[in-house]
Each structure stands twice: as C-alpha cells, then as structure tokens.
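Quick notes on the structure that follows.
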Amino acid sequence: MKKMHWSSLLIRTTALAWAGLALWACTQDRRPQITFPKTDLSTAALVPKPGKTIATGDAFGLDRYTALYAAAGDGELANVADFLSVQIRAVTGLNLPVNGQGEGEVHRAIYLNRTDSGSPEAYELYISRDSVLINSATAEGAFRAVQTLRQLLPQKSNDTLAAYPIWPIPTGRIDDEPAWAYRGAMLDVARHFFPVEDVKKYLDIMAYYKMNVLHLHLTDDQGWRIEIKSWPKLTEVGGSTEVGGEAGGFYTQEDYREIVAYAAERYITIVPEVDMPGHTNAASVSYPILNGNGKTPELYTGTRVGFSTWDTHKDTVYSFIDDVVREISEMTPGPYFHIGGDESHVTKEDDYVYFIERVAPIVRKYGKRVIGWDEVANATLDSTVVAQFWADEDNARKAVAQGMKVLLSPARKAYLDMQYDTLSDYGLHWAAYIPVDTAYIWTPETYAQGLTEADILGVEAPLWSETISEMSELEYLAFPRLLGYAELSWSTPENRNWEDYKVRLGAQTPYFRRMDIRYYPSTRVPWQEPEVPEPIRD
Ligand code: TNX
C-alpha cells in the first residue's frame, strides 16, 4: 500500500473534514486538558494482528464531545461510519451522528477518508490525542479499519479523568492489509438447520475479526435448505427433516436475500453450495427422477456419507441443475458458486468426471466462478475454477497443474467440527483432535507440497453440523478456534506467534461476553477473568 505523509493527507482531506477541523480549531482552547495514563498500542489485544504498529503512548479520549465524519459526498464511507456509530453506541451509549454535530461542542473527531491508491481492504489508522484518521482506497478497507478501532475501544469508561465518562483509545499508527483475499468460514446448515438469526450472529463475529467470506453448505443427504421456486418440493419435502429426525427447515428466497444483504453490509461475500452429484438424497426424495435407479429413496436422518448420487446421463438432471444454479445465482452478488463434488462414492469415476465437466459450464453461464471440493480436480476444468483442498493433497496438485487456485481447508487443521480433545462435548475426530493451539500453529503458505503462495486463494474453516443442532453447540466448536483462522488468513507469517496470539485471544472474553458467545475454555489460553462482583458474605 502506498504510504502517505501527514502533509499530503491534509491536502486530500475533504471539504467536510475541513469543516470539522475548523470547528475543532475554534473549540480547542475550551478543551479540558486531560492527562491519560500511558498506553501501548503495540500490545493491544488485536485479532488478527495488524501488519505494522507504531505506538505513541498517549490516548484519544472518546467521549460525548467526539464527532464522526466521513469524506463529503462519499455515501459508501458514510455507511461505514454509520456502522461505527452504531457499534460505539452499543458499547458506550454515546451518540455520534455521522457528519452531524450531535448535541454540543466538538473537542475531537474521527475521520474516514478515501485515498486514491492502495490495495483493496488495506487501511491506515492514525490515532492522536485529537483525532482518529482512517485512510483507505475502498470502503471495504475503511470497514476493516473500523473493526480495529472497535477492538481498541475499552469496554468500560474511565470515570476518573473528567466529570463525564471517557473511553481512552491508545495512540499511534497502524498500517494494515490482509495476507489472503479469501478469509472464510463455512456453515453446514443441511445436516442441522440454523435459522437466519444464527447466521447473522456468526456474520457479526466474523466481521469483527475481519473475515470476508461465508460459505453456506445448503444441501446434503439430510436436507435441502434453499427455496427453489421452479422445484418447490426440494424444500417442502427435502427440507422437512434433519439429522436425528427433528423438523428441519429452510431459507425462503427472501431469507436468503436477507442473509446476503446482511453479509454485504459487513463486506462479507456469501458463497452458496449445492453439493452434487453425491450428498443428494434429500433432492432425490423430493424428485425421484433425479437419481435414476427407479427407486424412491426415503428421508435420511443419520450421518453416513457417500451413498447417494444422481443419474449423470439424464438431460433432466442438467435442466434441473440449470434452474437451481440460475435461481440461486440471481440472488447472489458474489462471484462464486460452490458445486460440492465431494465423496461421490457411488458415482462411477467416468460418470463423475462427465458430470462435473457438464455442470461447470452451467455455473459459468450464470456468471459465477466454480468452487468444488478437491475431488473436482479429477475432471478437466478451466483455470477459473477453485478447488477446495480438504483431504487429498494429490487433488490439490492436480488443480494447480490445471492452473486452478486452491482454497485451503485441510481437515486435520481447519475443520471446526473436529473435537478439541477426547473430552469435547461435540464434534467428530475422524481427521484429528484439534486443540486451540494446533488449529493456529500451521502455515497455509507452505502446508501442501507443490503449492506456491500464488496457487492459494486463501483459507476457509468449515463447520459440519452432524453433532450440533443449537447455536450454543455451534459456538462451542467455532470459538475460540475461528479467531485463529481469521489471524492465519489475515496476518503475515512474521506476525503470527502462538505465545503472543494466545494472550490476545485470552483478552477477547469481554467481547465474547457482550455477544453472548459460548466458547470452549481451553486451558491452553490465559483467559482474562471476567470482572466478577465481590461475593456477598453473611
Ligand atoms: C467430510 S469435508 C465431508 C462432510 C462431513 C465431514 C465431517 C467434505 C467435503 N465432506 O460431508 O460432514 O467430513 O467432518
């Protein structure tokens, strides 16, 4: 990212910000002189760890006299500033209207400015006694910066500094940008269904840790979870149950659009997955014509894999897929469509390859880029396809040989449904037990032999839901490990260190508490104790 000096920064500062500065200038002599205790921005508990931090030891006092400005006429930046304003209010109760004066005088201000160069998602954050400046080339970059600022905001005000509450933020400068463009998580809403509210909570937490892709595993043997208007039985029948035999559920198209919009407000891309030709029992129960063996299968509520397939030589199957891909693509602004392709154990190898090679052009026709589990690399595909490496390194190398990018989700390191240890309440362990440190201590850059950094699109942490049916159970598996994947995909290898990370991780408890996140209290992490009230003794 191009660095800027204060001088050029001031020249670029927009008219509105100038107004703010002028206002600040005429009020500054009335500002009370506050002495803050020394701060250290470089040891702040930021996750993921930013690229470069220089601490200056003072504090910016966020209080009722703070104003919030976005560059004049920049609607996108104003939206990001609005998001910040809402978050500040949630933690502090302060009302900082964007580009407004609030109720009274202004002593200091937060500015969001647009720079004319810089890589997407990169940002600079300058915090001084008098101002917080966020510079970025994109609104997305400003949004990532806002998360850093949120993480620097103390949960509690310091009420000893003045006659009103002040939230001191450590001063200094942060230059930051992500290591990988794709920093993802996956939710399996097919084995057990999770309603829109749960997905939104997951998105909120992902955004706080700067993740930018949520992959939804929408269909599997046990359930079809996305309404397709041209094939209504998929959800009426195929969405009616889930693992364990409880009532299932599905997203109406309206629900799905709501998830997409909520994610977009957080600069998170939704990747929809329709898993095929295996993992398709729920679709075949709804429309038995798809499976080609003349039998009507039954709804499946167990957890076996690899027993279902479609008739890969029937044109109806491809017109069905065309409808499904079209309807979902129309609702999906992001560039990707995931076609699954894993564990098709009862599809003959030739049929599998033929199928994948026929489905890929359908996805392309609707303007999307194919992602498939690593097995898809056994087909001949073009270089726009992404292979998601989960099990077989040879498949990852086959993908690279075809010029495809690889998304890293190695089950032994990145599967959130693996148990932490033998005592874990939920999860499986077919790939490994993955304690919190093991999940963090690996190097995506060099994990798979034969892959170079240029071959890798990013990292994704999938959470399969065979053993979890409630949000609190989902959270137990995802937290705190998800934060490790956020850091692995944002921070550079030089900035990643377990000993340093675990301290920053342990300091997330106030946020976890505020968000009501259930997490696995691994003894390998020095958890910051909640401030428990003094016990009442009689
Ligand atoms: C393998 S990972 C699967 C899923 C299971 C998961 C359980 C992958 C592409 N397929 O169908 O849910 O293991 O860990």
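Convention: chains lettered A, B, ... in structure tokens order; per-chain residue numbering from 1; ligands numbered from 1 as shown.
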Contacts of A:Ala142 at 10 Å or less, counting only C-alpha atoms, minus same-chain residues fewer than 4 places along, as a PyMOL selection string?
-> chain A and resi 76-77+80-81+112-114+120-125+134-138+146-148
Find the residues near ligand 1. Use a cut-off of 10 Å, count only C-alpha atoms and all ligand atoms, and write them as JSON, numbers by chain.
-> {"A": [188, 190, 191, 217, 220, 221, 275, 278, 279, 303, 304, 305, 306, 340, 341, 342, 343, 344, 372, 373, 374, 375, 388, 389, 390, 391, 409, 410, 411, 412, 415, 416, 417, 418, 427, 428, 429, 430, 431, 432, 462, 463, 464, 465, 466, 467]}
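Nearest to A:Gly244 of all the residues A:Gly223, A:Gly141, A:Gly506, A:Gly73 is A:Gly223, counting only C-alpha atoms.
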Which residues come within 9 Å of A:Ala181, counting only C-alpha atoms, excluding same-chain residues fewer than 5 positions away, as a ChimeraX atom specification?
-> /A:120-121,212,457-458,489-490
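Here the question is which of A:Tyr69, A:Phe60, A:Tyr433, A:Tyr426 gets nearest to A:Pro170 using only C-alpha atoms, and that residue is A:Phe60.
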May I ask which of the residues A:Glu298, A:Asp176, A:Glu265, A:Asp455 is the closest one to A:Leu84, counting only C-alpha atoms?
->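 The closest residue to A:Leu84 is A:Glu265.
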Using only C-alpha atoms, find each residue in stretch 364-475 of chain A having at least one atom no more than 8 Å away from stretch 324-329 of chain A; report its shortest atom-to-atom pair and that distance in Å (one decimal), rows by chain then rising number, as CSV.
```
residue,atom,partner,partner_atom,distance
A:Tyr366,CA,A:Arg326,CA,6.2
A:Gly367,CA,A:Ser329,CA,7.9
A:Lys368,CA,A:Ser329,CA,7.3
```
Residue neighbourhood A:Lys38, 8 Å, only C-alpha atoms, exclusion window fewer than 4 positions, as a ChimeraX atom specification = /A:57-59
Go ahead and save the residues from that selection, with C-alpha atoms, as a compact mmCIF listing (two decimals), in the first residue's frame.
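What ended up in again_4.txt:
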```txt
# COMPACT_ATOMS: atom_id res chain seq x y z
CA GLY A 57 1.87 6.24 24.32
CA ASP A 58 -0.89 8.82 24.67
CA ALA A 59 -4.67 8.44 24.34
```
Grab the atom CA of A:Ser522 to atom CA of A:Leu477 distance for me, in Å with one decimal place.
-> 11.4 Å
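The shortest atom-to-atom distance to A:Gly118, with only C-alpha atoms taken into account, belongs to A:Glu177 out of A:Glu105, A:Asp323, A:Glu473, A:Glu177.
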Atom pair atom CA of A:Ala67 / atom CA of A:Asp40: separation (Å) =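 Atom CA of A:Asp40 lies at a distance of 23.9 Å from atom CA of A:Ala67.
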Give me every strand (DSSP E or B) residue in stretch 248-391 of chain A, going by DSSP on the backbone, as a VMD selection string.
-> chain A and resid 251 269 to 276 336 to 340 369 to 373 386 to 389
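Compared by their closest atoms to A:Ala461, and using only C-alpha atoms, the residues A:Met211, A:Arg518, A:Arg369, A:Val317 rank with A:Met211 nearest.
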Name all residues at most 7 Å from A:Ile339 (count only C-alpha atoms; drop same-chain ones fewer than 4 positions away) and give them as an NGL selection string.
-> :A and (273-276 or 370-372)
Could you dump the residues just selected with N, CA and C atoms as a tab-separated table (two decimals), in the first residue's frame?
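Written out: again00.tsv:
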```tsv
chain	number	residue	atom	x	y	z
A	273	GLU	N	-23.51	-23.21	-1.64
A	273	GLU	CA	-23.11	-24.53	-2.15
A	273	GLU	C	-24.32	-25.42	-2.33
A	274	VAL	N	-24.40	-26.01	-3.51
A	274	VAL	CA	-25.33	-27.11	-3.77
A	274	VAL	C	-24.43	-28.30	-4.04
A	275	ASP	N	-24.42	-29.25	-3.11
A	275	ASP	CA	-23.48	-30.37	-3.19
A	275	ASP	C	-24.04	-31.43	-4.14
A	276	MET	N	-23.23	-31.83	-5.13
A	276	MET	CA	-23.67	-32.82	-6.13
A	276	MET	C	-22.47	-33.48	-6.79
A	370	VAL	N	-16.75	-21.34	-10.49
A	370	VAL	CA	-16.97	-22.62	-9.80
A	370	VAL	C	-15.98	-22.80	-8.65
A	371	ILE	N	-16.52	-23.20	-7.49
A	371	ILE	CA	-15.66	-23.79	-6.45
A	371	ILE	C	-16.15	-25.22	-6.27
A	372	GLY	N	-15.24	-26.15	-6.06
A	372	GLY	CA	-15.64	-27.52	-5.76
A	372	GLY	C	-14.68	-28.11	-4.75
```
DSSP on the backbone: what in stretch 254-307 of chain A comes out helix (DSSP H, G or I), as a PyMOL selection string?
-> chain A and resi 254-265+281-286+288-290
Would you list the contacts of stretch 290-292 of chain A as a short mmCIF file (atom, residue, chain, number, x, y, z; two decimals) with all heavy atoms, in the first residue's frame, taking every protein, DNA or RNA residue within 8 Å and counting only C-alpha atoms, but skipping same-chain residues closer than 3 positions in sequence?
```
data_model
loop_
_atom_site.label_atom_id
_atom_site.label_comp_id
_atom_site.auth_asym_id
_atom_site.auth_seq_id
_atom_site.Cartn_x
_atom_site.Cartn_y
_atom_site.Cartn_z
N ALA A 283 -32.65 -34.21 -2.25
CA ALA A 283 -33.19 -33.77 -3.54
C ALA A 283 -33.88 -34.95 -4.24
O ALA A 283 -34.96 -34.79 -4.83
CB ALA A 283 -32.08 -33.21 -4.41
N SER A 284 -33.27 -36.13 -4.15
CA SER A 284 -33.84 -37.29 -4.84
C SER A 284 -35.13 -37.78 -4.17
O SER A 284 -35.98 -38.35 -4.84
CB SER A 284 -32.81 -38.42 -4.91
OG SER A 284 -31.71 -38.01 -5.68
N TYR A 287 -37.61 -35.31 -5.68
CA TYR A 287 -37.82 -35.57 -7.11
C TYR A 287 -37.07 -36.84 -7.49
O TYR A 287 -35.92 -36.79 -7.95
CB TYR A 287 -37.33 -34.38 -7.95
CG TYR A 287 -38.16 -33.13 -7.73
CD1 TYR A 287 -37.71 -32.12 -6.89
CD2 TYR A 287 -39.41 -32.98 -8.33
CE1 TYR A 287 -38.48 -30.98 -6.65
CE2 TYR A 287 -40.19 -31.84 -8.10
CZ TYR A 287 -39.72 -30.86 -7.27
OH TYR A 287 -40.49 -29.74 -7.04
N LYS A 295 -35.89 -46.05 -7.97
CA LYS A 295 -36.43 -46.20 -6.60
C LYS A 295 -36.68 -44.83 -5.99
O LYS A 295 -35.96 -43.88 -6.29
CB LYS A 295 -35.41 -46.93 -5.72
CG LYS A 295 -35.21 -48.36 -6.13
CD LYS A 295 -34.44 -49.11 -5.04
CE LYS A 295 -33.90 -50.41 -5.62
NZ LYS A 295 -32.47 -50.55 -5.44
N SER A 308 -25.37 -41.60 -1.92
CA SER A 308 -26.36 -41.09 -2.88
C SER A 308 -25.66 -40.56 -4.13
O SER A 308 -24.50 -40.15 -4.10
CB SER A 308 -27.17 -39.96 -2.23
OG SER A 308 -26.30 -38.96 -1.75
N THR A 309 -26.41 -40.58 -5.25
CA THR A 309 -25.91 -39.94 -6.47
C THR A 309 -27.08 -39.62 -7.37
O THR A 309 -28.21 -40.01 -7.08
CB THR A 309 -24.88 -40.83 -7.20
OG1 THR A 309 -24.26 -40.07 -8.24
CG2 THR A 309 -25.53 -42.07 -7.81
N TRP A 310 -26.81 -38.89 -8.45
CA TRP A 310 -27.83 -38.63 -9.46
C TRP A 310 -27.48 -39.38 -10.73
O TRP A 310 -26.34 -39.86 -10.89
CB TRP A 310 -27.88 -37.12 -9.76
CG TRP A 310 -28.58 -36.32 -8.71
CD1 TRP A 310 -29.49 -36.77 -7.81
CD2 TRP A 310 -28.43 -34.92 -8.46
NE1 TRP A 310 -29.92 -35.74 -7.01
CE2 TRP A 310 -29.29 -34.58 -7.39
CE3 TRP A 310 -27.67 -33.89 -9.03
CZ2 TRP A 310 -29.40 -33.29 -6.87
CZ3 TRP A 310 -27.78 -32.60 -8.53
CH2 TRP A 310 -28.64 -32.30 -7.46
N ASP A 311 -28.45 -39.45 -11.62
CA ASP A 311 -28.22 -40.07 -12.92
C ASP A 311 -27.48 -39.05 -13.79
O ASP A 311 -28.08 -38.11 -14.32
CB ASP A 311 -29.56 -40.46 -13.55
CG ASP A 311 -29.36 -41.20 -14.86
OD1 ASP A 311 -28.24 -41.12 -15.43
OD2 ASP A 311 -30.31 -41.86 -15.30
N LYS A 314 -28.68 -38.19 -17.60
CA LYS A 314 -30.05 -37.79 -17.93
C LYS A 314 -30.13 -36.27 -18.13
O LYS A 314 -29.72 -35.50 -17.24
CB LYS A 314 -30.96 -38.22 -16.78
CG LYS A 314 -32.43 -38.33 -17.17
CD LYS A 314 -33.27 -38.65 -15.97
CE LYS A 314 -33.37 -40.15 -15.75
NZ LYS A 314 -33.92 -40.48 -14.43
N THR A 316 -32.65 -34.32 -18.00
CA THR A 316 -33.49 -33.68 -16.97
C THR A 316 -32.65 -33.23 -15.78
O THR A 316 -32.91 -32.20 -15.17
CB THR A 316 -34.54 -34.69 -16.43
OG1 THR A 316 -34.99 -35.48 -17.51
CG2 THR A 316 -35.66 -34.01 -15.72
N VAL A 317 -31.65 -34.05 -15.45
CA VAL A 317 -30.80 -33.69 -14.31
C VAL A 317 -30.10 -32.36 -14.57
O VAL A 317 -30.03 -31.50 -13.70
CB VAL A 317 -29.77 -34.83 -14.02
CG1 VAL A 317 -28.69 -34.38 -13.05
CG2 VAL A 317 -30.49 -36.07 -13.51
#
```
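Once A:Lys405 and its same-chain neighbours fewer than 6 positions away are set aside, Ser383, Thr384, Val385, Val386, Ala387, Ala399, Asp455, Ile456 and Leu457 of chain A remain within 8 Å of it when counting only C-alpha atoms.
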Of the candidates A:Ala109, A:Ile268, A:Met404, A:Ile34, which shows the shortest atom-to-atom distance to A:Thr160, using only C-alpha atoms?
->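 Looking only at the distances to A:Thr160, the closest residue turns out to be A:Ile34.
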Work out how far apart atom CA of A:Asp255 and atom CA of A:Lys200 are and give it in Å to one decimal.
-> 11.1 Å
